[in-house]
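Asks: Just passing along the structure, written as structure tokens.
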There are 4 protein chains.
Amino acid sequence: MKAIRDPVHNIILFNKTKEKLLLDLIDTKEFQRLRRIRQLGFSSYTYPGAEHTRFIHSLGVAHLTNRFINKISNITGDALINELVDQRLLITAAALLHDIGHGPFSHALEHITKIPHETWTLAIIKGETEVNQVLKTYGINPWEVAELIQRTHKSKAAVKLLSSQLDADRMDYLLRDSMMTGAGYGTFDLEWAINVIRIGKVNGDIEIGLDREKGLSIAEDFVMARYYMYINVYFHKTTRSAELLVSKIFTRALELLESNQIEMPEGLAHILKDGITEKTLNHYINLTDDTFWYFIRLWLSSSDGIISNLCQRLIKRKLYKAINERVDLFRLVEKANTISKDTGLPVDYLILRDEASSSSYKDYYLQEPKFGEGQSEREASEQVFLFDRGGKAEELSNISDIIRQIRNKKIHIERIYVPEEFKAEIIGGEA
Amino acid sequence: MKAIRDPVHNIILFNKTKEKLLLDLIDTKEFQRLRRIRQLGFSSYTYPGAEHTRFIHSLGVAHLTNRFINKISNITGDALINELVDQRLLITAAALLHDIGHGPFSHALEHITKIPHETWTLAIIKGETEVNQVLKTYGINPWEVAELIQRTHKSKAAVKLLSSQLDADRMDYLLRDSMMTGAGYGTFDLEWAINVIRIGKVNGDIEIGLDREKGLSIAEDFVMARYYMYINVYFHKTTRSAELLVSKIFTRALELLESNQIEMPEGLAHILKDGITEKTLNHYINLTDDTFWYFIRLWLSSSDGIISNLCQRLIKRKLYKAINERVDLFRLVEKANTISKDTGLPVDYLILRDEASSSSYKDYYLQEPKFGEGQSEREASEQVFLFDRGGKAEELSNISDIIRQIRNKKIHIERIYVPEEFKAEIIGGEA
Amino acid sequence: MKAIRDPVHNIILFNKTKEKLLLDLIDTKEFQRLRRIRQLGFSSYTYPGAEHTRFIHSLGVAHLTNRFINKISNITGDALINELVDQRLLITAAALLHDIGHGPFSHALEHITKIPHETWTLAIIKGETEVNQVLKTYGINPWEVAELIQRTHKSKAAVKLLSSQLDADRMDYLLRDSMMTGAGYGTFDLEWAINVIRIGKVNGDIEIGLDREKGLSIAEDFVMARYYMYINVYFHKTTRSAELLVSKIFTRALELLESNQIEMPEGLAHILKDGITEKTLNHYINLTDDTFWYFIRLWLSSSDGIISNLCQRLIKRKLYKAINERVDLFRLVEKANTISKDTGLPVDYLILRDEASSSSYKDYYLQEPKFGEGQSEREASEQVFLFDRGGKAEELSNISDIIRQIRNKKIHIERIYVPEEFKAEIIGGEA
Amino acid sequence: MKAIRDPVHNIILFNKTKEKLLLDLIDTKEFQRLRRIRQLGFSSYTYPGAEHTRFIHSLGVAHLTNRFINKISNITGDALINELVDQRLLITAAALLHDIGHGPFSHALEHITKIPHETWTLAIIKGETEVNQVLKTYGINPWEVAELIQRTHKSKAAVKLLSSQLDADRMDYLLRDSMMTGAGYGTFDLEWAINVIRIGKVNGDIEIGLDREKGLSIAEDFVMARYYMYINVYFHKTTRSAELLVSKIFTRALELLESNQIEMPEGLAHILKDGITEKTLNHYINLTDDTFWYFIRLWLSSSDGIISNLCQRLIKRKLYKAINERVDLFRLVEKANTISKDTGLPVDYLILRDEASSSSYKDYYLQEPKFGEGQSEREASEQVFLFDRGGKAEELSNISDIIRQIRNKKIHIERIYVPEEFKAEIIGGEA
């Protein structure tokens, strides 16, 4: 057994013989690259412990998926279960690779390339990559892995196991993000959740759910944990401010690129020009958080005052400040115009607007559509089912007043950020 | 109060009024830079959770130093204690800044620049930096901070508090490294250790120690925790292999630099040429882990086969393998010569030799002398004292058989690493 | 400092000089007696780790009360705060003693003596006891301690600190019960809760609350934690079954006592006869869980078949089983009558009915009125207030959709229990 | 699956079908009785959280034994391993029952009955008990269970698994005692220990050990954990003082019994008279901690001044105090004689002498020989073996300097206790 120590799961074990596929996938350059992509982007600007990477999160998800299959396979000798157990390696490989396409500075980069990370994930799995090669070597069809991640695979049981309200991905990230930030909101009783996992049919379709009697409280607790993490961590105003700043930096860099006034990571330039191609895929794999930090330092000394100013702010963590006060938007813009005239800074660098929403019982982070799936299909999968002893399923919000409450509650943020030094002036009073 | 969440200490509090100095120091660019310097270098190649930074470690050390002073100030109204309490801000500032000079890829970089990180620490504190400016603004003499860190400050009580066997630095790093690696060796009962802290005089000198009756077991446990962390984490053969590889990369880069065949981070080139100057200090502050990762990716496509080969290995984590078997060194070199002829790789890239030692009751990591202190002075401070109710002190190893055992035990490693693909051939048998 | 180790709070410290009152109170026979009264009664029949006592819980509450006062006293130099700090010893003593009147087999004993434990608490504080003596020795008026516990004390700030939705009592029992049962539901972020405690005025009255911005999630999380503990632990059907059984044993013992057919703990016989008097107070102090276990073993060999049968069940943990199925109550009684005729067991020993409710945002455990307080007064104190930066208060359920939901939700259980061996027959089908 | 929540292991699972034997054993009256026997006797007088019982410890040991067998059975398809897996139920039953004979107030009771608890364990397993009946029902030979516990069973592999330096018993009690006391000394990395368990042959005999490379540190850490628990918890001077006091109470009760001047638990009187018989076995099963607490309260009002004085002290926790100062034993006795004349208290109630030793790498708690095993046999089993990759074993102290140190170190305590009120007088100075 290969044993990997982990702050969250303590020991992650992979069988050196039976799971050599997984170990070989981990050794590919595409997967090793995840070591240099932070899980939470700029959350470490708010929670300085949160430096954990997509690499360890992905190991955690594969590990939990294995534990889920072990647990389910002990329940009963159902045909559904055999289906899952037979496909164990395929499913665990998909779990390991589900985030393989994540890029550096995640959402900001997607914003300028217009290519969601899910698209890169599929490209890496299907393209001419080491990952693709390893899968084939072990007789795994990469297209099936892609289908599992896209939720279009014919085995509904496998799809549901991999991606649902209560899946391994969410369980790992809640526990990990909670531990690493130290924020204390995302905890729930993982061992009990695994203990009460059930599998059953709902309207003819397979669903992964929990035992109704023993699992109701944990289901509620889990949904609540996510709700609190969104409010307190993922949507934290300092973190969002840093992310906005990076977006602005990239937007400015794009403008300067057009007039050839800026040096850009070579690979990114190609991606911006050509989109996804076999060649740009290779460039993408070479882009990590490091690349951008290097360029941000470089742009510090750009002759363009705007980009150097923005990069200066990012590196020194002199972030834009949110306006908590109720303000008259018209007056705000007026003030910003005056300041713009005095300083030469364009108004859209003086006022940054942030808007994001999520439903905790739905999960649209930043309203970005997930790749390759229709709305209704996702909706369905977002439900948590509770199975009674007879196997009868009830959807969580039907039996939980609390969750029904959350379900109807949209987590929505709308914030306006301005440079700290102009804040008093812009809001026309004391900060 | 400014509250910072931390996985190790849960909440780190700084008073926004009384400790504004500390908050302002944290906001300097020199301190913010520590966000991009990993605490454990390449340990994350072995323990993928260990991505924590010097930034959060430094916050933790300041926090613990504060707790130590609080505890001591509650013990009694001794003159010694008043001395510590009066200098609280100076001492905590020194605690916060004790690692400010750490560079990226720590030991490897020191190896080629020949400038220890302690020297940079003093330069940052005394030079024309934001840190220096902030200290002065609050009426703190930067030279005193430097003296505290160097252990030459006239207040022996303050020096001992900051730096001793049982200091805040070691307590934080053991707990943090243990938690983040998940290795489970470095734990000890922090709360009890703080609870039994004592202060007293030994041969006329102030010493920080523990209560003899209540603190003996924790003192032993603490020394043992460090011993296990050295053996299992800091000297881990995979981690050391990655560090050796980086050293080789830098060595090769230096060779190529002489013949102008390689691009180098601009700042580093200046440092290599000029050593520490006011200008290179500024360059140094701009060097972080990111810079080197960027260049390592760049050197991948160098025309020099050796450096591109080494960088390839580092990025893909195809590290050199340690030889566990007993081998005939003469035969080893002979074999390496043959392979060298076939492949063109020089012998000193085929056989890497690692040697390091530490005494857990002494702490010479990598045998690098600490800056600015004589041998005997250090020796003295390395002792742990236990005070009985009457205030009489005994040195730990005098009363602990276990520690006496450890004291005489040098942790020494000597390993030979070779490329995995040549291992079988080189050791003349199966791997 | 006297240091007491505790699984929940790690180290509980009392100052040997300034808090000698507390240490002396702990040393009284009335307080030492709490070592033999379990905190959770029969919960250990469901959760076998839950053997913790009222003794350690009381220490925990005093400890947390101290931490609350420390935190509040750091906030600002408000007159309200001075009031609390000045009365620190009085308040902490009341916190330590708040449960001093708890008896063995708590609710069951109250049920037959008709004397609530709150009445005993006041009697112990005001009566001729060691506790009373110690308080006086330190110049503390025992009647003031009693008033604080009864909530009739003139210092509203002290009353609110001691007893509110977010008080030290609830915080300690949730964390402790959660840890000791291993149930994993009652956890919340204690450190953060303490960090965001605020004090302010609402309609002219002092209230202890939390910071609105930083404390909303923790307030919700705390209220939810209690809700889950009620559902999953305090109202657990196995635990309730054991408690019902004990009540039946006591009821039967009372019946037998009237006809002089049973031996009874001497002290209890006096209490049943005379109620609270100076003499019976002394008897009460000698009753602990042990006393009853001894008598339950004794009653095993009673000539009365009913009580020996019930005691047998309790000792061997052959509890009555809840009927989960929907049943026709009329038919149930009919069946029970038949069995009664066959076995000689009265129908009211064949069918046990359990009913209890609690509102998690109100806290009426078992609908027992708390001693000495009117309904409206309690209601008021049950609210959680959140203070914004300007000191303006909002009641929690006004700003939290989730809590509003819980608030309107009554946790109500109604269960019917029958002997396992008759279950199939009584419900007329398979169990 | 039957899931039992536990503070130490979180969830303890037993299979309702395959492990119904275990569930039925738990339901016997002999096993249920362990709910009222504390694991650590009077340690809760020092560490008030330590109220945990033999019941939950026994569940924990069965659970860990199951995990050990699971781990070993995954290592390889060795014949030895098959032997263990085939006997899994027998071994786990023995693990569950290993402490079934423990009595109330453990060592004190053994002291006066002269019957070690191991003898009762065997009697319960082999006698006419529910435990015996259940074993037979499932086709398990109770004599084999007894042989396993006595270490005389023919399957050496099973014997070694159940009882060795690194067995499930020690692992559970260290972790549990450490957690419940809050003392923080007994922790070690359980998950890693299980992960590196190995099985192999040493001089033709089976041994359970650890992987040499990966397990050396954990082996040392484990041995050290036990060493610290002895020094700081098991041999704590306050705990030992309470145990001495109980012994004195029993000794006095015996004296009074001879002259018929005291009421005694009926069962105990029979045991004292007849030793172990079928009938007294039944009495023994009815003795729990509660019984003695009841009698200690009863003896409070004995006409014998000595026993009522001693019981008073125990109930109010007014324990004898250890003399830390060096004293002249001759003078001590002289003083005690004078006090004896004045007070009427015999000298052997004025001076209590305590002596105990243990070797942490040997484990003779209180120098009581374990039942039914020769010295040399035990010695052998006390060794920890470390297996290298080739299966070659080395005994721990051969390769660990630290353990060699501990091995030669006897933990020995010798203390003299006197009543607190006479302490100053007896030692002839200030206390």
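Simple scheme: letters A, B, ... for chains in structure tokens order, numbers from 1 for residues in each chain, numbers from 1 for ligands in the order shown.
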Go through chain A and flag each residue having an atom no more than 8 Å from chain B; for those, report the closest pair of atoms plus their distance in Å to one decimal, using only C-alpha atoms, ordered by chain and rising number, as JSON lines.

Replies:
{"residue": "A:Ile4", "atom": "CA", "partner": "B:Tyr47", "partner_atom": "CA", "distance": 7.0}
{"residue": "A:Arg5", "atom": "CA", "partner": "B:Gly182", "partner_atom": "CA", "distance": 5.2}
{"residue": "A:Asp6", "atom": "CA", "partner": "B:Gly182", "partner_atom": "CA", "distance": 4.9}
{"residue": "A:Pro7", "atom": "CA", "partner": "B:Gly182", "partner_atom": "CA", "distance": 4.5}
{"residue": "A:Val8", "atom": "CA", "partner": "B:Gly182", "partner_atom": "CA", "distance": 7.9}
{"residue": "A:Asn10", "atom": "CA", "partner": "B:Gly182", "partner_atom": "CA", "distance": 6.0}
{"residue": "A:Asp27", "atom": "CA", "partner": "B:Lys316", "partner_atom": "CA", "distance": 7.1}
{"residue": "A:Thr28", "atom": "CA", "partner": "B:Lys316", "partner_atom": "CA", "distance": 7.1}
{"residue": "A:Lys29", "atom": "CA", "partner": "B:Lys316", "partner_atom": "CA", "distance": 5.3}
{"residue": "A:Gln32", "atom": "CA", "partner": "B:Lys316", "partner_atom": "CA", "distance": 6.3}
{"residue": "A:Arg33", "atom": "CA", "partner": "B:Ile315", "partner_atom": "CA", "distance": 7.8}
{"residue": "A:Arg35", "atom": "CA", "partner": "B:Pro48", "partner_atom": "CA", "distance": 7.9}
{"residue": "A:Tyr47", "atom": "CA", "partner": "B:Arg5", "partner_atom": "CA", "distance": 6.1}
{"residue": "A:Pro48", "atom": "CA", "partner": "B:Ile56", "partner_atom": "CA", "distance": 6.0}
{"residue": "A:Gly49", "atom": "CA", "partner": "B:Asp6", "partner_atom": "CA", "distance": 5.9}
{"residue": "A:Ala50", "atom": "CA", "partner": "B:His52", "partner_atom": "CA", "distance": 8.0}
{"residue": "A:Glu51", "atom": "CA", "partner": "B:Glu51", "partner_atom": "CA", "distance": 5.9}
{"residue": "A:His52", "atom": "CA", "partner": "B:Glu51", "partner_atom": "CA", "distance": 6.1}
{"residue": "A:Thr53", "atom": "CA", "partner": "B:Glu51", "partner_atom": "CA", "distance": 7.9}
{"residue": "A:Phe55", "atom": "CA", "partner": "B:Pro48", "partner_atom": "CA", "distance": 7.6}
{"residue": "A:Ile56", "atom": "CA", "partner": "B:Pro48", "partner_atom": "CA", "distance": 6.0}
{"residue": "A:Met179", "atom": "CA", "partner": "B:Pro7", "partner_atom": "CA", "distance": 6.0}
{"residue": "A:Met180", "atom": "CA", "partner": "B:Pro7", "partner_atom": "CA", "distance": 5.6}
{"residue": "A:Thr181", "atom": "CA", "partner": "B:Pro7", "partner_atom": "CA", "distance": 6.4}
{"residue": "A:Gly182", "atom": "CA", "partner": "B:Pro7", "partner_atom": "CA", "distance": 4.5}
{"residue": "A:Ala183", "atom": "CA", "partner": "B:Arg5", "partner_atom": "CA", "distance": 6.2}
{"residue": "A:Asn286", "atom": "CA", "partner": "B:Arg297", "partner_atom": "CA", "distance": 7.5}
{"residue": "A:Asp289", "atom": "CA", "partner": "B:Asp290", "partner_atom": "CA", "distance": 7.8}
{"residue": "A:Asp290", "atom": "CA", "partner": "B:Asp290", "partner_atom": "CA", "distance": 4.4}
{"residue": "A:Thr291", "atom": "CA", "partner": "B:Tyr294", "partner_atom": "CA", "distance": 5.5}
{"residue": "A:Trp293", "atom": "CA", "partner": "B:Asp290", "partner_atom": "CA", "distance": 6.3}
{"residue": "A:Tyr294", "atom": "CA", "partner": "B:Thr291", "partner_atom": "CA", "distance": 5.5}
{"residue": "A:Arg297", "atom": "CA", "partner": "B:Asn286", "partner_atom": "CA", "distance": 7.5}
{"residue": "A:Ile315", "atom": "CA", "partner": "B:Lys29", "partner_atom": "CA", "distance": 7.5}
{"residue": "A:Lys316", "atom": "CA", "partner": "B:Lys29", "partner_atom": "CA", "distance": 5.3}
{"residue": "A:Arg317", "atom": "CA", "partner": "B:Gln32", "partner_atom": "CA", "distance": 7.5}

Asks: Next, the residues of the selection above should be written as a CSV table (one decimal), in the first residue's frame with N, CA and C atoms.

Replies:
chain,number,residue,atom,x,y,z
A,4,ILE,N,-0.2,8.0,2.0
A,4,ILE,CA,0.0,9.4,1.9
A,4,ILE,C,-0.6,10.1,3.1
A,5,ARG,N,0.2,10.8,3.9
A,5,ARG,CA,-0.3,11.5,5.1
A,5,ARG,C,-1.1,12.7,4.6
A,6,ASP,N,-2.2,13.0,5.3
A,6,ASP,CA,-3.0,14.2,5.0
A,6,ASP,C,-3.6,14.8,6.2
A,7,PRO,N,-3.6,16.1,6.4
A,7,PRO,CA,-4.1,16.7,7.6
A,7,PRO,C,-5.6,16.4,7.8
A,8,VAL,N,-6.3,16.2,6.7
A,8,VAL,CA,-7.8,16.0,6.8
A,8,VAL,C,-8.1,14.5,7.0
A,10,ASN,N,-5.9,12.0,7.5
A,10,ASN,CA,-4.9,11.3,8.2
A,10,ASN,C,-4.0,10.4,7.3
A,27,ASP,N,1.3,10.5,-11.0
A,27,ASP,CA,2.6,10.8,-11.5
A,27,ASP,C,2.7,11.5,-12.8
A,28,THR,N,1.6,11.7,-13.4
A,28,THR,CA,1.6,12.5,-14.7
A,28,THR,C,1.9,13.9,-14.5
A,29,LYS,N,2.4,14.6,-15.5
A,29,LYS,CA,2.8,16.0,-15.4
A,29,LYS,C,1.5,16.8,-15.2
A,32,GLN,N,0.6,16.4,-11.5
A,32,GLN,CA,1.6,17.0,-10.6
A,32,GLN,C,1.5,18.6,-10.7
A,33,ARG,N,1.1,19.1,-11.8
A,33,ARG,CA,0.9,20.5,-11.9
A,33,ARG,C,-0.1,21.1,-10.9
A,35,ARG,N,-0.1,20.6,-7.9
A,35,ARG,CA,0.6,21.1,-6.7
A,35,ARG,C,0.8,22.6,-6.7
A,47,TYR,N,-7.6,34.3,5.1
A,47,TYR,CA,-7.3,33.2,6.0
A,47,TYR,C,-5.9,32.7,5.7
A,48,PRO,N,-4.9,33.2,6.3
A,48,PRO,CA,-3.5,32.9,5.8
A,48,PRO,C,-3.1,31.4,5.9
A,49,GLY,N,-3.9,30.6,6.5
A,49,GLY,CA,-3.5,29.2,6.5
A,49,GLY,C,-4.0,28.5,5.2
A,50,ALA,N,-4.9,29.1,4.5
A,50,ALA,CA,-5.5,28.4,3.4
A,50,ALA,C,-4.7,28.4,2.1
A,51,GLU,N,-3.5,27.7,2.2
A,51,GLU,CA,-2.6,27.6,1.1
A,51,GLU,C,-2.7,26.2,0.4
A,52,HIS,N,-3.7,25.4,0.8
A,52,HIS,CA,-3.8,24.1,0.2
A,52,HIS,C,-4.1,24.0,-1.2
A,53,THR,N,-3.7,22.9,-1.9
A,53,THR,CA,-3.7,22.9,-3.4
A,53,THR,C,-4.8,22.0,-3.9
A,55,PHE,N,-4.1,19.7,-5.7
A,55,PHE,CA,-3.4,18.3,-5.7
A,55,PHE,C,-4.0,17.5,-4.5
A,56,ILE,N,-3.9,18.1,-3.3
A,56,ILE,CA,-4.2,17.3,-2.2
A,56,ILE,C,-5.8,17.1,-2.1
A,179,MET,N,-10.8,23.4,7.7
A,179,MET,CA,-9.6,23.1,8.6
A,179,MET,C,-8.5,24.1,8.2
A,180,MET,N,-8.3,24.3,6.9
A,180,MET,CA,-7.1,25.1,6.5
A,180,MET,C,-7.4,26.6,6.8
A,181,THR,N,-8.6,27.1,6.6
A,181,THR,CA,-8.9,28.5,6.9
A,181,THR,C,-8.9,28.7,8.4
A,182,GLY,N,-9.2,27.6,9.1
A,182,GLY,CA,-9.4,27.8,10.6
A,182,GLY,C,-10.8,28.4,10.9
A,183,ALA,N,-11.7,28.5,9.9
A,183,ALA,CA,-12.9,29.3,10.0
A,183,ALA,C,-13.9,28.5,10.9
A,286,ASN,N,1.4,24.2,-18.6
A,286,ASN,CA,2.5,24.8,-18.0
A,286,ASN,C,2.2,26.1,-17.2
A,289,ASP,N,-0.1,28.9,-10.7
A,289,ASP,CA,-0.1,30.2,-9.9
A,289,ASP,C,1.2,30.9,-10.0
A,290,ASP,N,2.3,30.1,-10.0
A,290,ASP,CA,3.6,30.8,-10.0
A,290,ASP,C,3.8,31.7,-11.2
A,291,THR,N,3.4,31.2,-12.4
A,291,THR,CA,3.5,32.0,-13.6
A,291,THR,C,3.0,33.4,-13.4
A,293,TRP,N,2.2,35.0,-10.6
A,293,TRP,CA,2.9,35.8,-9.6
A,293,TRP,C,4.2,36.4,-10.2
A,294,TYR,N,4.9,35.6,-11.0
A,294,TYR,CA,6.1,36.1,-11.6
A,294,TYR,C,5.7,37.3,-12.5
A,297,ARG,N,4.8,40.5,-10.6
A,297,ARG,CA,6.0,41.2,-10.2
A,297,ARG,C,6.6,42.0,-11.3
A,315,ILE,N,0.2,42.8,-4.7
A,315,ILE,CA,1.4,42.3,-4.0
A,315,ILE,C,1.5,42.7,-2.5
A,316,LYS,N,1.2,44.0,-2.3
A,316,LYS,CA,1.2,44.5,-1.0
A,316,LYS,C,-0.1,44.3,-0.2
A,317,ARG,N,-1.0,43.7,-0.9
A,317,ARG,CA,-2.3,43.4,-0.2
A,317,ARG,C,-3.0,44.7,0.2

Asks: Find the residues around Ile306 in chain D up to 12 Å (only C-alpha atoms counted), leave out those fewer than 3 positions away in its own chain, and share them as a ChimeraX atom specification.

Replies: /D:245,248-253,255-256,299-303,309-313,343-350

Asks: Store the residues picked out above in a file with N, CA, C and O atoms, as a CSV table (one decimal), in the first residue's frame.

Replies:
chain,number,residue,atom,x,y,z
D,245,LEU,N,-6.3,4.9,50.9
D,245,LEU,CA,-7.4,5.2,51.8
D,245,LEU,C,-8.5,4.1,51.7
D,245,LEU,O,-8.9,3.5,52.8
D,248,LYS,N,-7.3,0.9,53.3
D,248,LYS,CA,-7.4,1.0,54.8
D,248,LYS,C,-8.8,0.8,55.2
D,248,LYS,O,-9.1,0.2,56.3
D,249,ILE,N,-9.7,1.4,54.5
D,249,ILE,CA,-11.2,1.2,54.9
D,249,ILE,C,-11.5,-0.2,54.8
D,249,ILE,O,-12.1,-0.8,55.8
D,250,PHE,N,-11.1,-0.9,53.8
D,250,PHE,CA,-11.4,-2.3,53.7
D,250,PHE,C,-10.7,-3.2,54.8
D,250,PHE,O,-11.3,-4.1,55.3
D,251,THR,N,-9.5,-2.8,55.0
D,251,THR,CA,-8.8,-3.5,56.1
D,251,THR,C,-9.5,-3.4,57.4
D,251,THR,O,-9.7,-4.4,58.1
D,252,ARG,N,-9.9,-2.1,57.7
D,252,ARG,CA,-10.6,-1.9,58.9
D,252,ARG,C,-12.0,-2.6,59.0
D,252,ARG,O,-12.4,-3.2,60.0
D,253,ALA,N,-12.6,-2.6,57.8
D,253,ALA,CA,-14.0,-3.3,57.7
D,253,ALA,C,-13.8,-4.8,58.0
D,253,ALA,O,-14.6,-5.4,58.7
D,255,GLU,N,-11.5,-6.2,59.9
D,255,GLU,CA,-11.3,-6.3,61.3
D,255,GLU,C,-12.6,-6.3,62.1
D,255,GLU,O,-12.9,-7.1,63.0
D,256,LEU,N,-13.4,-5.3,61.7
D,256,LEU,CA,-14.7,-5.1,62.4
D,256,LEU,C,-15.7,-6.3,62.1
D,256,LEU,O,-16.5,-6.7,62.9
D,299,TRP,N,-21.1,3.4,56.4
D,299,TRP,CA,-20.0,3.3,57.4
D,299,TRP,C,-19.7,4.6,58.0
D,299,TRP,O,-19.0,4.7,59.1
D,300,LEU,N,-20.1,5.7,57.3
D,300,LEU,CA,-19.9,7.0,57.9
D,300,LEU,C,-20.4,7.1,59.3
D,300,LEU,O,-19.9,7.8,60.2
D,301,SER,N,-21.6,6.5,59.5
D,301,SER,CA,-22.2,6.6,60.9
D,301,SER,C,-21.9,5.3,61.7
D,301,SER,O,-22.7,5.0,62.6
D,302,SER,N,-20.9,4.6,61.4
D,302,SER,CA,-20.5,3.5,62.2
D,302,SER,C,-20.1,3.9,63.6
D,302,SER,O,-19.6,5.1,63.8
D,303,SER,N,-20.3,3.1,64.6
D,303,SER,CA,-19.8,3.4,65.9
D,303,SER,C,-18.3,3.3,66.0
D,303,SER,O,-17.7,3.9,67.0
D,309,ASN,N,-14.2,7.8,60.4
D,309,ASN,CA,-13.2,8.8,60.0
D,309,ASN,C,-12.7,8.6,58.6
D,309,ASN,O,-12.6,9.6,57.8
D,310,LEU,N,-12.3,7.4,58.3
D,310,LEU,CA,-11.7,7.1,57.0
D,310,LEU,C,-12.7,7.3,55.9
D,310,LEU,O,-12.4,7.9,54.8
D,311,CYS,N,-14.0,6.9,56.1
D,311,CYS,CA,-15.0,7.1,55.1
D,311,CYS,C,-15.3,8.5,54.8
D,311,CYS,O,-15.6,9.0,53.7
D,312,GLN,N,-15.4,9.2,55.9
D,312,GLN,CA,-15.6,10.7,55.9
D,312,GLN,C,-14.5,11.3,54.9
D,312,GLN,O,-14.9,12.1,54.1
D,313,ARG,N,-13.3,11.0,55.2
D,313,ARG,CA,-12.2,11.5,54.3
D,313,ARG,C,-12.4,11.2,52.8
D,313,ARG,O,-12.2,12.0,52.0
D,343,THR,N,-4.8,11.0,70.3
D,343,THR,CA,-6.0,11.0,69.5
D,343,THR,C,-6.7,9.6,69.5
D,343,THR,O,-7.9,9.5,69.2
D,344,GLY,N,-6.0,8.6,69.9
D,344,GLY,CA,-6.6,7.3,69.9
D,344,GLY,C,-6.5,6.6,68.5
D,344,GLY,O,-6.9,5.5,68.4
D,345,LEU,N,-6.0,7.4,67.5
D,345,LEU,CA,-5.9,6.7,66.2
D,345,LEU,C,-4.6,5.9,66.2
D,345,LEU,O,-3.5,6.3,66.5
D,346,PRO,N,-4.7,4.6,65.8
D,346,PRO,CA,-3.5,3.7,65.7
D,346,PRO,C,-2.5,4.3,64.7
D,346,PRO,O,-2.8,5.0,63.8
D,347,VAL,N,-1.2,4.0,65.0
D,347,VAL,CA,-0.2,4.5,64.2
D,347,VAL,C,-0.3,4.1,62.8
D,347,VAL,O,0.0,4.9,61.9
D,348,ASP,N,-0.7,2.9,62.5
D,348,ASP,CA,-0.8,2.5,61.1
D,348,ASP,C,-2.0,3.1,60.4
D,348,ASP,O,-2.2,2.8,59.2
D,349,TYR,N,-2.8,4.0,61.0
D,349,TYR,CA,-3.7,4.8,60.3
D,349,TYR,C,-3.2,6.3,60.2
D,349,TYR,O,-3.8,7.1,59.6
D,350,LEU,N,-2.1,6.5,60.8
D,350,LEU,CA,-1.5,7.8,60.8
D,350,LEU,C,-0.4,7.9,59.7
D,350,LEU,O,-0.1,9.0,59.2

Asks: Assign secondary structure with DSSP using the backbone only, and return the residues of range 163-272 of chain A in strand (DSSP E) as number ranges by chain.

Replies: A: 197-202, 205-211

Asks: When you draw a straight line from CA of Asn282 in chain D to CA of Leu314 in chain C, how long is it in Å?

Replies: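 Atom-to-atom, CA of Asn282 in chain D to CA of Leu314 in chain C, that is 17.9 Å.
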
Asks: Can you list, as a ChimeraX atom specification, every protein, DNA or RNA residue that comes within 12 Å of Glu334 in chain D when you count only C-alpha atoms, leaving out same-chain residues fewer than 4 positions away?

Replies: /D:328-330,338-341,347,350-351,425-428

Asks: Can you pull out the residues contacting range 64-68 of chain D? Cut-off 9 Å, using only C-alpha atoms, and skip same-chain residues under 4 positions away; I want them as a list in words.

Replies: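 After dropping sequence-adjacent residues, the list is His9, Leu59, Gly60, Ile72, Ser73, Arg88, Ile91, Thr92, Ala95, Leu161, Leu162, Asp167, Ala168, Asp169, Met171, Asp172, Ile194 and Ile197 of chain D.
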